[in-house]
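The structure file run_3.cif is reproduced below (mmCIF, C-alpha atoms).
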```cif
data_model
loop_
_atom_site.group_PDB
_atom_site.id
_atom_site.type_symbol
_atom_site.label_atom_id
_atom_site.label_comp_id
_atom_site.auth_asym_id
_atom_site.auth_seq_id
_atom_site.Cartn_x
_atom_site.Cartn_y
_atom_site.Cartn_z
ATOM 1 C CA MET I 1 -67.856 -92.812 167.272
ATOM 2 C CA TYR I 2 -66.716 -95.293 164.673
ATOM 3 C CA PRO I 3 -64.209 -98.057 165.371
ATOM 4 C CA ALA I 4 -60.701 -97.852 163.944
ATOM 5 C CA GLN I 5 -60.235 -99.994 160.836
ATOM 6 C CA PHE I 6 -59.975 -103.739 161.350
ATOM 7 C CA GLU I 7 -59.954 -106.991 159.415
ATOM 8 C CA TYR I 8 -62.801 -109.496 159.923
ATOM 9 C CA SER I 9 -62.501 -113.288 159.962
ATOM 10 C CA LYS I 10 -65.291 -115.794 160.592
ATOM 11 C CA ALA I 11 -63.979 -118.972 162.205
ATOM 12 C CA GLY I 12 -65.684 -122.252 161.315
ATOM 13 C CA SER I 13 -64.119 -124.134 164.216
ATOM 14 C CA VAL I 14 -62.203 -123.564 167.453
ATOM 15 C CA ALA I 15 -59.047 -124.862 165.757
ATOM 16 C CA GLU I 16 -59.456 -122.311 162.972
ATOM 17 C CA ALA I 17 -59.993 -119.507 165.472
ATOM 18 C CA ILE I 18 -56.806 -120.475 167.324
ATOM 19 C CA GLN I 19 -54.897 -120.563 164.045
ATOM 20 C CA ILE I 20 -56.061 -117.034 163.130
ATOM 21 C CA LEU I 21 -55.192 -115.748 166.623
ATOM 22 C CA GLN I 22 -51.703 -117.250 166.372
ATOM 23 C CA GLY I 23 -51.115 -115.422 163.108
ATOM 24 C CA ASP I 24 -52.273 -112.051 164.442
ATOM 25 C CA PRO I 25 -51.290 -111.130 168.030
ATOM 26 C CA ASP I 26 -53.584 -108.063 168.020
ATOM 27 C CA ALA I 27 -56.679 -109.995 166.966
ATOM 28 C CA LYS I 28 -59.697 -110.200 169.286
ATOM 29 C CA ILE I 29 -62.493 -112.746 169.482
ATOM 30 C CA ILE I 30 -66.089 -111.601 169.102
ATOM 31 C CA ALA I 31 -69.205 -113.613 169.983
ATOM 32 C CA GLY I 32 -72.312 -111.560 170.820
ATOM 33 C CA GLY I 33 -70.399 -108.290 170.559
ATOM 34 C CA HIS I 34 -71.997 -106.607 173.565
ATOM 35 C CA SER I 35 -68.657 -106.070 175.316
ATOM 36 C CA LEU I 36 -66.183 -105.597 172.471
ATOM 37 C CA LEU I 37 -68.140 -103.370 170.060
ATOM 38 C CA PRO I 38 -68.780 -100.499 172.516
ATOM 39 C CA LEU I 39 -65.061 -100.497 173.415
ATOM 40 C CA MET I 40 -64.137 -100.426 169.725
ATOM 41 C CA LYS I 41 -66.532 -97.558 169.055
ATOM 42 C CA LEU I 42 -64.892 -95.554 171.851
ATOM 43 C CA ARG I 43 -61.525 -96.674 170.434
ATOM 44 C CA LEU I 44 -60.583 -98.080 173.835
ATOM 45 C CA ALA I 45 -60.051 -101.349 171.959
ATOM 46 C CA ARG I 46 -58.331 -101.336 168.569
ATOM 47 C CA PRO I 47 -57.990 -104.942 167.428
ATOM 48 C CA SER I 48 -56.222 -105.396 164.092
ATOM 49 C CA ARG I 49 -58.653 -108.202 163.359
ATOM 50 C CA VAL I 50 -61.960 -109.395 164.790
ATOM 51 C CA VAL I 51 -62.389 -113.177 164.827
ATOM 52 C CA ASP I 52 -66.071 -114.089 164.832
ATOM 53 C CA ILE I 53 -66.687 -117.397 166.650
ATOM 54 C CA GLY I 54 -70.475 -116.892 166.784
ATOM 55 C CA GLY I 55 -71.163 -119.588 164.213
ATOM 56 C CA ILE I 56 -69.320 -122.458 165.901
ATOM 57 C CA ALA I 57 -72.167 -124.823 166.826
ATOM 58 C CA GLY I 58 -70.240 -126.889 169.378
ATOM 59 C CA LEU I 59 -69.724 -123.917 171.679
ATOM 60 C CA ARG I 60 -73.427 -123.479 172.472
ATOM 61 C CA GLY I 61 -75.618 -125.401 174.886
ATOM 62 C CA ILE I 62 -76.136 -126.579 178.464
ATOM 63 C CA SER I 63 -75.748 -130.097 179.852
ATOM 64 C CA VAL I 64 -75.662 -131.626 183.332
ATOM 65 C CA SER I 65 -73.570 -134.661 184.193
ATOM 66 C CA ASP I 66 -72.042 -136.035 187.423
ATOM 67 C CA GLY I 67 -72.997 -132.974 189.447
ATOM 68 C CA VAL I 68 -71.530 -130.473 186.984
ATOM 69 C CA VAL I 69 -73.466 -127.996 184.838
ATOM 70 C CA SER I 70 -71.504 -127.522 181.594
ATOM 71 C CA ILE I 71 -72.281 -124.338 179.676
ATOM 72 C CA GLY I 72 -70.860 -123.638 176.223
ATOM 73 C CA ALA I 73 -69.160 -120.270 175.816
ATOM 74 C CA LEU I 74 -71.680 -119.071 173.200
ATOM 75 C CA THR I 75 -74.714 -119.785 175.389
ATOM 76 C CA THR I 76 -76.648 -116.547 175.867
ATOM 77 C CA HIS I 77 -77.731 -115.005 179.163
ATOM 78 C CA TYR I 78 -81.348 -115.573 178.097
ATOM 79 C CA GLU I 79 -80.707 -119.280 177.490
ATOM 80 C CA ILE I 80 -79.044 -119.640 180.888
ATOM 81 C CA SER I 81 -81.753 -117.737 182.758
ATOM 82 C CA THR I 82 -84.571 -119.784 181.181
ATOM 83 C CA SER I 83 -82.854 -123.201 181.296
ATOM 84 C CA ALA I 84 -84.763 -125.679 183.470
ATOM 85 C CA GLU I 85 -81.481 -127.544 184.067
ATOM 86 C CA VAL I 86 -79.672 -124.442 185.339
ATOM 87 C CA GLN I 87 -82.688 -123.431 187.445
ATOM 88 C CA ALA I 88 -82.856 -126.880 189.059
ATOM 89 C CA ASN I 89 -79.119 -127.353 189.651
ATOM 90 C CA CYS I 90 -77.827 -123.839 190.132
ATOM 91 C CA GLY I 91 -80.685 -121.386 190.619
ATOM 92 C CA ILE I 92 -78.382 -118.513 191.628
ATOM 93 C CA LEU I 93 -76.773 -118.575 188.154
ATOM 94 C CA ALA I 94 -80.108 -118.565 186.304
ATOM 95 C CA GLU I 95 -81.257 -115.655 188.452
ATOM 96 C CA ALA I 96 -78.055 -113.656 187.899
ATOM 97 C CA ALA I 97 -78.116 -114.263 184.121
ATOM 98 C CA GLY I 98 -81.716 -113.034 184.060
ATOM 99 C CA GLY I 99 -80.589 -109.764 185.628
ATOM 100 C CA VAL I 100 -77.842 -108.948 183.107
ATOM 101 C CA GLY I 101 -78.443 -105.770 181.090
ATOM 102 C CA ASP I 102 -81.769 -105.656 179.250
ATOM 103 C CA PRO I 103 -83.560 -108.135 176.939
ATOM 104 C CA ALA I 104 -81.466 -107.132 173.901
ATOM 105 C CA VAL I 105 -78.241 -107.772 175.807
ATOM 106 C CA ARG I 106 -79.515 -111.063 177.256
ATOM 107 C CA ASN I 107 -80.599 -112.309 173.828
ATOM 108 C CA ARG I 108 -77.223 -111.638 172.176
ATOM 109 C CA GLY I 109 -74.693 -111.492 174.993
ATOM 110 C CA THR I 110 -72.911 -114.755 175.840
ATOM 111 C CA ILE I 111 -71.486 -116.159 179.061
ATOM 112 C CA GLY I 112 -68.107 -116.570 177.360
ATOM 113 C CA GLY I 113 -68.038 -112.971 176.196
ATOM 114 C CA ASN I 114 -69.164 -111.735 179.598
ATOM 115 C CA VAL I 115 -66.488 -113.511 181.632
ATOM 116 C CA SER I 116 -63.717 -112.914 179.081
ATOM 117 C CA HIS I 117 -64.523 -109.199 179.178
ATOM 118 C CA ALA I 118 -64.138 -109.319 182.996
ATOM 119 C CA ASP I 119 -65.833 -106.023 183.757
ATOM 120 C CA PRO I 120 -65.438 -105.466 187.531
ATOM 121 C CA ALA I 121 -69.085 -104.330 187.684
ATOM 122 C CA SER I 122 -70.433 -107.473 186.017
ATOM 123 C CA ASP I 123 -72.588 -109.967 187.947
ATOM 124 C CA LEU I 124 -71.635 -113.355 186.509
ATOM 125 C CA PRO I 125 -67.915 -113.312 187.454
ATOM 126 C CA THR I 126 -68.818 -112.771 191.133
ATOM 127 C CA VAL I 127 -71.476 -115.509 191.094
ATOM 128 C CA LEU I 128 -69.207 -117.977 189.268
ATOM 129 C CA THR I 129 -66.378 -117.269 191.737
ATOM 130 C CA ALA I 130 -68.632 -118.046 194.713
ATOM 131 C CA LEU I 131 -69.837 -121.217 192.971
ATOM 132 C CA GLY I 132 -66.268 -122.422 192.404
ATOM 133 C CA ALA I 133 -66.732 -122.654 188.639
ATOM 134 C CA SER I 134 -63.908 -123.552 186.280
ATOM 135 C CA PHE I 135 -63.186 -122.241 182.800
ATOM 136 C CA ASN I 136 -62.247 -124.443 179.867
ATOM 137 C CA LEU I 137 -59.667 -122.994 177.473
ATOM 138 C CA GLN I 138 -58.308 -124.330 174.224
ATOM 139 C CA GLY I 139 -55.075 -123.180 172.614
ATOM 140 C CA PRO I 140 -52.295 -124.315 170.271
ATOM 141 C CA SER I 141 -50.921 -126.688 172.911
ATOM 142 C CA GLY I 142 -54.285 -128.252 173.772
ATOM 143 C CA ALA I 143 -56.981 -127.791 176.400
ATOM 144 C CA ARG I 144 -56.598 -126.581 179.979
ATOM 145 C CA THR I 145 -58.937 -125.721 182.837
ATOM 146 C CA VAL I 146 -58.583 -122.684 185.087
ATOM 147 C CA ALA I 147 -60.390 -122.271 188.431
ATOM 148 C CA ALA I 148 -62.453 -119.122 188.967
ATOM 149 C CA ASP I 149 -60.090 -117.875 191.686
ATOM 150 C CA ASP I 150 -57.263 -117.833 189.103
ATOM 151 C CA PHE I 151 -59.263 -116.928 185.980
ATOM 152 C CA PHE I 152 -60.044 -113.300 186.803
ATOM 153 C CA ILE I 153 -56.822 -111.288 187.120
ATOM 154 C CA GLY I 154 -57.952 -107.651 187.135
ATOM 155 C CA PRO I 155 -60.213 -105.161 185.358
ATOM 156 C CA PHE I 156 -60.820 -106.494 181.822
ATOM 157 C CA GLU I 157 -58.012 -109.036 182.322
ATOM 158 C CA THR I 158 -58.287 -112.834 182.553
ATOM 159 C CA ALA I 159 -56.084 -115.902 182.291
ATOM 160 C CA VAL I 160 -57.110 -116.481 178.655
ATOM 161 C CA GLY I 161 -53.961 -116.385 176.518
ATOM 162 C CA ALA I 162 -53.733 -114.271 173.351
ATOM 163 C CA ASP I 163 -54.002 -117.408 171.217
ATOM 164 C CA GLU I 164 -56.561 -119.255 173.353
ATOM 165 C CA VAL I 165 -60.344 -119.604 173.069
ATOM 166 C CA LEU I 166 -62.662 -119.943 176.062
ATOM 167 C CA THR I 167 -64.842 -122.905 175.073
ATOM 168 C CA GLY I 168 -67.067 -123.295 178.126
ATOM 169 C CA VAL I 169 -67.718 -122.936 181.825
ATOM 170 C CA SER I 170 -68.147 -125.851 184.259
ATOM 171 C CA VAL I 171 -70.240 -125.070 187.327
ATOM 172 C CA PRO I 172 -70.642 -127.463 190.275
ATOM 173 C CA ALA I 173 -74.344 -128.158 190.813
ATOM 174 C CA LEU I 174 -75.606 -127.170 194.248
ATOM 175 C CA ALA I 175 -76.025 -130.145 196.569
ATOM 176 C CA ALA I 176 -79.294 -130.816 198.397
ATOM 177 C CA ASN I 177 -77.869 -129.183 201.539
ATOM 178 C CA GLN I 178 -76.540 -126.075 199.816
ATOM 179 C CA VAL I 179 -78.277 -122.734 199.356
ATOM 180 C CA ALA I 180 -77.003 -119.818 197.306
ATOM 181 C CA GLU I 181 -78.017 -116.240 196.642
ATOM 182 C CA TYR I 182 -76.716 -113.143 194.864
ATOM 183 C CA ALA I 183 -77.585 -109.656 196.083
ATOM 184 C CA LYS I 184 -76.483 -106.384 194.601
ATOM 185 C CA MET I 185 -76.758 -102.664 194.856
ATOM 186 C CA ALA I 186 -77.438 -101.893 191.200
ATOM 187 C CA HIS I 187 -76.596 -98.697 189.373
ATOM 188 C CA PRO I 188 -80.008 -97.234 188.487
ATOM 189 C CA ALA I 189 -79.101 -96.375 184.872
ATOM 190 C CA THR I 190 -77.205 -99.495 183.800
ATOM 191 C CA SER I 191 -78.103 -102.135 186.431
ATOM 192 C CA PHE I 192 -74.377 -102.890 186.682
ATOM 193 C CA ALA I 193 -73.301 -103.807 190.206
ATOM 194 C CA VAL I 194 -72.058 -100.918 192.339
ATOM 195 C CA VAL I 195 -71.564 -103.698 194.877
ATOM 196 C CA GLY I 196 -72.524 -107.331 194.241
ATOM 197 C CA ALA I 197 -72.269 -110.190 196.726
ATOM 198 C CA ALA I 198 -72.700 -113.922 196.173
ATOM 199 C CA ALA I 199 -72.809 -116.635 198.818
ATOM 200 C CA VAL I 200 -72.943 -120.424 198.630
ATOM 201 C CA VAL I 201 -73.706 -121.887 202.054
ATOM 202 C CA THR I 202 -73.491 -125.576 202.940
ATOM 203 C CA LEU I 203 -75.861 -126.583 205.733
ATOM 204 C CA GLU I 204 -75.571 -129.486 208.141
ATOM 205 C CA GLY I 205 -77.616 -132.521 207.041
ATOM 206 C CA ASP I 206 -80.278 -131.998 204.388
ATOM 207 C CA ALA I 207 -81.517 -128.681 205.719
ATOM 208 C CA GLY I 208 -81.513 -126.825 202.429
ATOM 209 C CA GLY I 209 -84.217 -128.571 200.431
ATOM 210 C CA HIS I 210 -82.971 -128.741 196.851
ATOM 211 C CA GLY I 211 -80.348 -126.055 196.793
ATOM 212 C CA HIS I 212 -82.616 -123.568 195.042
ATOM 213 C CA ASP I 213 -85.503 -123.506 197.497
ATOM 214 C CA HIS I 214 -84.940 -120.440 199.600
ATOM 215 C CA GLY I 215 -87.241 -121.644 202.333
ATOM 216 C CA HIS I 216 -90.119 -119.237 201.800
ATOM 217 C CA ASP I 217 -91.975 -120.470 204.879
ATOM 218 C CA HIS I 218 -92.144 -117.012 206.314
ATOM 219 C CA ASP I 219 -94.294 -117.847 209.329
ATOM 220 C CA ASN I 220 -91.125 -119.261 210.819
ATOM 221 C CA ASP I 221 -88.802 -116.519 209.792
ATOM 222 C CA HIS I 222 -87.444 -115.099 212.953
ATOM 223 C CA GLY I 223 -85.957 -117.892 214.917
ATOM 224 C CA HIS I 224 -89.037 -119.853 215.902
ATOM 225 C CA HIS I 225 -87.441 -122.917 214.335
ATOM 226 C CA HIS I 226 -84.045 -124.418 215.045
ATOM 227 C CA ALA I 227 -81.351 -122.311 213.388
ATOM 228 C CA PRO I 228 -79.545 -124.217 210.631
ATOM 229 C CA ARG I 229 -75.859 -124.875 211.171
ATOM 230 C CA CYS I 230 -73.372 -123.927 208.473
ATOM 231 C CA THR I 231 -70.613 -126.450 207.718
ATOM 232 C CA ALA I 232 -68.902 -124.485 204.926
ATOM 233 C CA ALA I 233 -69.335 -121.318 202.879
ATOM 234 C CA ARG I 234 -67.920 -119.675 199.778
ATOM 235 C CA VAL I 235 -68.542 -115.962 199.411
ATOM 236 C CA ALA I 236 -67.407 -113.432 196.816
ATOM 237 C CA VAL I 237 -67.985 -109.741 196.256
ATOM 238 C CA GLY I 238 -67.589 -107.673 193.099
ATOM 239 C CA GLY I 239 -68.304 -104.253 191.686
ATOM 240 C CA LEU I 240 -65.879 -102.541 194.062
ATOM 241 C CA THR I 241 -62.679 -104.578 193.605
ATOM 242 C CA PRO I 242 -60.518 -105.031 190.477
ATOM 243 C CA LYS I 243 -61.785 -108.620 190.216
ATOM 244 C CA PRO I 244 -64.274 -110.809 192.126
ATOM 245 C CA THR I 245 -62.869 -111.210 195.627
ATOM 246 C CA ARG I 246 -63.358 -114.100 198.043
ATOM 247 C CA SER I 247 -63.495 -113.379 201.779
ATOM 248 C CA PRO I 248 -61.688 -116.047 203.835
ATOM 249 C CA ALA I 249 -62.594 -114.209 207.066
ATOM 250 C CA VAL I 250 -66.329 -114.387 206.362
ATOM 251 C CA GLU I 251 -66.104 -117.998 205.160
ATOM 252 C CA ALA I 252 -64.252 -119.050 208.330
ATOM 253 C CA ALA I 253 -66.683 -117.193 210.614
ATOM 254 C CA LEU I 254 -69.711 -118.817 208.986
ATOM 255 C CA ALA I 255 -68.311 -122.368 208.986
ATOM 256 C CA GLY I 256 -69.437 -124.211 212.108
ATOM 257 C CA SER I 257 -71.796 -121.470 213.273
ATOM 258 C CA GLU I 258 -75.551 -121.538 213.784
ATOM 259 C CA LEU I 259 -77.063 -119.228 211.188
ATOM 260 C CA THR I 260 -79.068 -116.578 213.019
ATOM 261 C CA LEU I 261 -79.697 -112.933 212.101
ATOM 262 C CA ASP I 262 -76.931 -111.936 214.526
ATOM 263 C CA SER I 263 -74.305 -114.537 213.622
ATOM 264 C CA ILE I 264 -74.673 -113.790 209.899
ATOM 265 C CA ALA I 265 -74.435 -110.034 210.534
ATOM 266 C CA ASP I 266 -71.287 -110.530 212.635
ATOM 267 C CA ALA I 267 -69.637 -112.790 210.058
ATOM 268 C CA THR I 268 -70.401 -110.657 207.009
ATOM 269 C CA ALA I 269 -69.147 -107.510 208.780
ATOM 270 C CA LEU I 270 -65.640 -109.000 208.455
ATOM 271 C CA VAL I 271 -65.600 -108.734 204.649
ATOM 272 C CA GLY I 272 -63.981 -105.281 204.619
ATOM 273 C CA GLY I 273 -60.703 -106.655 205.895
ATOM 274 C CA ASP I 274 -60.358 -108.996 202.907
ATOM 275 C CA LEU I 275 -61.000 -106.440 200.166
ATOM 276 C CA GLY I 276 -57.539 -104.868 200.046
ATOM 277 C CA ASP I 277 -56.811 -101.202 199.398
ATOM 278 C CA ASP I 278 -57.468 -101.090 195.667
ATOM 279 C CA LEU I 279 -61.174 -100.274 195.771
ATOM 280 C CA LEU I 280 -63.110 -98.672 192.950
ATOM 281 C CA GLY I 281 -64.791 -95.363 193.704
ATOM 282 C CA ASP I 282 -66.516 -92.918 191.374
ATOM 283 C CA VAL I 283 -68.941 -90.003 191.351
ATOM 284 C CA TYR I 284 -71.765 -92.393 192.065
ATOM 285 C CA ALA I 285 -70.343 -94.179 195.115
ATOM 286 C CA SER I 286 -67.056 -93.680 196.939
ATOM 287 C CA ALA I 287 -64.660 -96.517 197.744
ATOM 288 C CA ASP I 288 -65.418 -96.204 201.490
ATOM 289 C CA TYR I 289 -69.163 -96.357 200.910
ATOM 290 C CA ARG I 290 -68.766 -99.443 198.716
ATOM 291 C CA ARG I 291 -66.563 -101.139 201.327
ATOM 292 C CA ASN I 292 -69.336 -100.659 203.900
ATOM 293 C CA MET I 293 -72.017 -101.823 201.468
ATOM 294 C CA ALA I 294 -70.123 -105.047 200.673
ATOM 295 C CA GLY I 295 -70.935 -106.438 204.128
ATOM 296 C CA VAL I 296 -74.536 -105.280 203.861
ATOM 297 C CA GLU I 297 -75.136 -106.943 200.477
ATOM 298 C CA LEU I 298 -73.420 -110.138 201.620
ATOM 299 C CA LYS I 299 -75.582 -110.207 204.751
ATOM 300 C CA HIS I 300 -78.725 -109.768 202.649
ATOM 301 C CA ALA I 301 -77.655 -112.560 200.282
ATOM 302 C CA ILE I 302 -77.179 -115.033 203.139
ATOM 303 C CA TYR I 303 -80.333 -113.955 205.011
ATOM 304 C CA HIS I 304 -82.317 -114.634 201.859
ATOM 305 C CA ALA I 305 -80.510 -117.872 201.022
ATOM 306 C CA VAL I 306 -81.320 -119.422 204.401
ATOM 307 C CA GLY I 307 -84.839 -118.012 204.529
ATOM 308 C CA LEU I 308 -84.372 -115.524 207.388
ATOM 309 C CA ALA I 309 -85.448 -112.468 205.402
ATOM 310 C CA HIS I 310 -86.087 -111.118 201.949
ATOM 311 C CA HIS I 311 -83.549 -108.749 200.480
#
```
Translate this structure into structure tokens?
Amino acid sequence: MYPAQFEYSKAGSVAEAIQILQGDPDAKIIAGGHSLLPLMKLRLARPSRVVDIGGIAGLRGISVSDGVVSIGALTTHYEISTSAEVQANCGILAEAAGGVGDPAVRNRGTIGGNVSHADPASDLPTVLTALGASFNLQGPSGARTVAADDFFIGPFETAVGADEVLTGVSVPALAANQVAEYAKMAHPATSFAVVGAAAVVTLEGDAGGHGHDHGHDHDNDHGHHHAPRCTAARVAVGGLTPKPTRSPAVEAALAGSELTLDSIADATALVGGDLGDDLLGDVYASADYRRNMAGVELKHAIYHAVGLAHH
């Protein structure tokens, strides 16, 4: 299919992009094009104008300061997955970015485009929700920051206004006593998440090494050492809900508990009650099956994060 006709504008700055968006309410921003172009070809998206922000230099790059990893909206999945700074401060994000699509998608696709597209089956929104990331927006009235819990609204819908530009994502670096892992049941053809689960677990004391060391000392795997105690957890699942969904029940059950195979299994089994009734089902996997798998994937993510088992 060919897209419907559209005008094309190349923005030299964020301010210019905002100005163009203000003048054309049906305009859409394009960066890498891996989300918007397929929709346009199917005519599921018919923007009157495409505003290309791909050349704005200030929107690309990764920096770490005061415990926050700042990632420009135009930074590609490949750049995130291979960044030593992201690997050291937030390994779960580097790993998830490295699993997006295929090399062509990772080389062109951007974090800003990915999260703005808000595909329910995408990996990064779920991971960023568990990490407690925030999203930096710029519009006619200035800049504002939106927390992950409020950024994703529904399928292909976010808090970005029609005349706003997502300029970057701020991700809290994992502390020395935090471990994090993302596990998913991937669709075999597309590697999109049928069910994806991300967990960030805070351990008592300095039990977690450097936040990205998953404790691969597998001689000790099954309870021969003292079980670590969890002081707090943030978990999110995606792929089966309209947007990434936190599970307060699982987070509360994990907090204050000793992390054993059994206690993690018991806690993660509670996720189903927090998913609501609006679950995605299709020919590949029914809503009920996905609801059951959400607990399984979350359990695997936490087992692996704390070094109890490989997923």
How would you write, as number ranges by chain, the residues chosen by the PyMOL selection byres ((chain I and resi 155-163) around 6) on this structure? I: 18, 21-22, 117-120, 151-154, 164, 242
Show me, as a list in words, the residues that have an atom within 8 Å of Val235 (chain I) when counting all atoms listed in the file, minus same-chain residues fewer than 6 positions from it.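 The residues satisfying every condition are Ala130, Ala197, Ala198, Ala199, Val200, Arg246, Ser247, Val250, Glu251 and Leu298 of chain I.
The smallest atom-to-atom distance between Ala17 (chain I) and any of I:Leu59, I:Val165, I:Ala232, I:Ala96, using all atoms listed in the file, is found for I:Val165.
Evaluating the PyMOL selection byres ((chain I and resi 252) around 12) against the shown model yields Val201, Cys230, Thr231, Ala232, Ala233, Arg234, Val235, Arg246, Ser247, Pro248, Ala249, Val250, Glu251, Ala253, Leu254, Ala255, Gly256, Ser257, Ile264, Asp266, Ala267, Thr268, Leu270 and Val271 of chain I.
Nearest to Ile62 (chain I) of all the residues I:Ala148, I:Val171, I:Ala309, I:Ala104 is I:Val171, based on all atoms listed in the file.
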Option closest in space to His226 (chain I), from I:Leu259, I:Leu42, I:Asp274, I:Ile302 [counting only C-alpha atoms]: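 Closest candidate: I:Leu259.
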Excluding region 275-288 of chain I and residues on its chain fewer than 3 positions from it, collect all residues at most 10 Å away from it, counting all atoms listed in the file, and give them as JSON, numbers by chain. {"I": [120, 121, 187, 194, 195, 237, 238, 239, 240, 241, 242, 244, 245, 246, 247, 270, 271, 272, 291, 292, 293, 294]}
Exercise: residues within 10 Å of coordinate (-74.3, -123.8, 190.3), counting only C-alpha atoms, as a PDB file with C-alpha atoms, in the coordinates of the input:
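What ended up in part37.pdb:
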```pdb
ATOM      1  CA  GLY I  67     -72.997-132.974 189.447  1.00  0.00           C
ATOM      2  CA  VAL I  68     -71.530-130.473 186.984  1.00  0.00           C
ATOM      3  CA  VAL I  69     -73.466-127.996 184.838  1.00  0.00           C
ATOM      4  CA  SER I  70     -71.504-127.522 181.594  1.00  0.00           C
ATOM      5  CA  VAL I  86     -79.672-124.442 185.339  1.00  0.00           C
ATOM      6  CA  GLN I  87     -82.688-123.431 187.445  1.00  0.00           C
ATOM      7  CA  ALA I  88     -82.856-126.880 189.059  1.00  0.00           C
ATOM      8  CA  ASN I  89     -79.119-127.353 189.651  1.00  0.00           C
ATOM      9  CA  CYS I  90     -77.827-123.839 190.132  1.00  0.00           C
ATOM     10  CA  GLY I  91     -80.685-121.386 190.619  1.00  0.00           C
ATOM     11  CA  ILE I  92     -78.382-118.513 191.628  1.00  0.00           C
ATOM     12  CA  LEU I  93     -76.773-118.575 188.154  1.00  0.00           C
ATOM     13  CA  ALA I  94     -80.108-118.565 186.304  1.00  0.00           C
ATOM     14  CA  VAL I 127     -71.476-115.509 191.094  1.00  0.00           C
ATOM     15  CA  LEU I 128     -69.207-117.977 189.268  1.00  0.00           C
ATOM     16  CA  ALA I 130     -68.632-118.046 194.713  1.00  0.00           C
ATOM     17  CA  LEU I 131     -69.837-121.217 192.971  1.00  0.00           C
ATOM     18  CA  GLY I 132     -66.268-122.422 192.404  1.00  0.00           C
ATOM     19  CA  ALA I 133     -66.732-122.654 188.639  1.00  0.00           C
ATOM     20  CA  SER I 170     -68.147-125.851 184.259  1.00  0.00           C
ATOM     21  CA  VAL I 171     -70.240-125.070 187.327  1.00  0.00           C
ATOM     22  CA  PRO I 172     -70.642-127.463 190.275  1.00  0.00           C
ATOM     23  CA  ALA I 173     -74.344-128.158 190.813  1.00  0.00           C
ATOM     24  CA  LEU I 174     -75.606-127.170 194.248  1.00  0.00           C
ATOM     25  CA  ALA I 175     -76.025-130.145 196.569  1.00  0.00           C
ATOM     26  CA  VAL I 179     -78.277-122.734 199.356  1.00  0.00           C
ATOM     27  CA  ALA I 180     -77.003-119.818 197.306  1.00  0.00           C
ATOM     28  CA  VAL I 200     -72.943-120.424 198.630  1.00  0.00           C
ATOM     29  CA  GLY I 211     -80.348-126.055 196.793  1.00  0.00           C
ATOM     30  CA  HIS I 212     -82.616-123.568 195.042  1.00  0.00           C
TER      31      HIS I 212
END
```
Measure the distance from CA of Arg106 (chain I) to CA of Tyr78 (chain I) in Å and round it to one decimal.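 Computing the Euclidean distance for CA of Arg106 (chain I) and CA of Tyr78 (chain I) yields 4.9 Å.
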So which residues get picked by the PyMOL selection byres ((chain I and resi 44) around 12) here, written as a ChimeraX atom specification? /I:1-4,35-43,45-47,156
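Closest to Thr126 (chain I) among I:Phe6, I:Val51, I:Ala143, I:Ala183 is I:Ala183, based on all atoms listed in the file.
Separating CA of Asn177 (chain I) from CA of Val64 (chain I) is a distance of 18.5 Å.
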Centre, edges in Å (one decimal): axis-aligned box, region 300-311 of chain I, 3 Å padding on all six sides, as lines of an AutoDock Vina configuration file:
```
center_x = -81.6
center_y = -114.1
center_z = 203.8
size_x = 14.9
size_y = 16.7
size_z = 13.1
```
CA of Ser134 (chain I) and CA of Gln178 (chain I), how far apart in Å?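 So the two atoms, CA of Gln178 (chain I) and CA of Ser134 (chain I), lie 18.7 Å apart.
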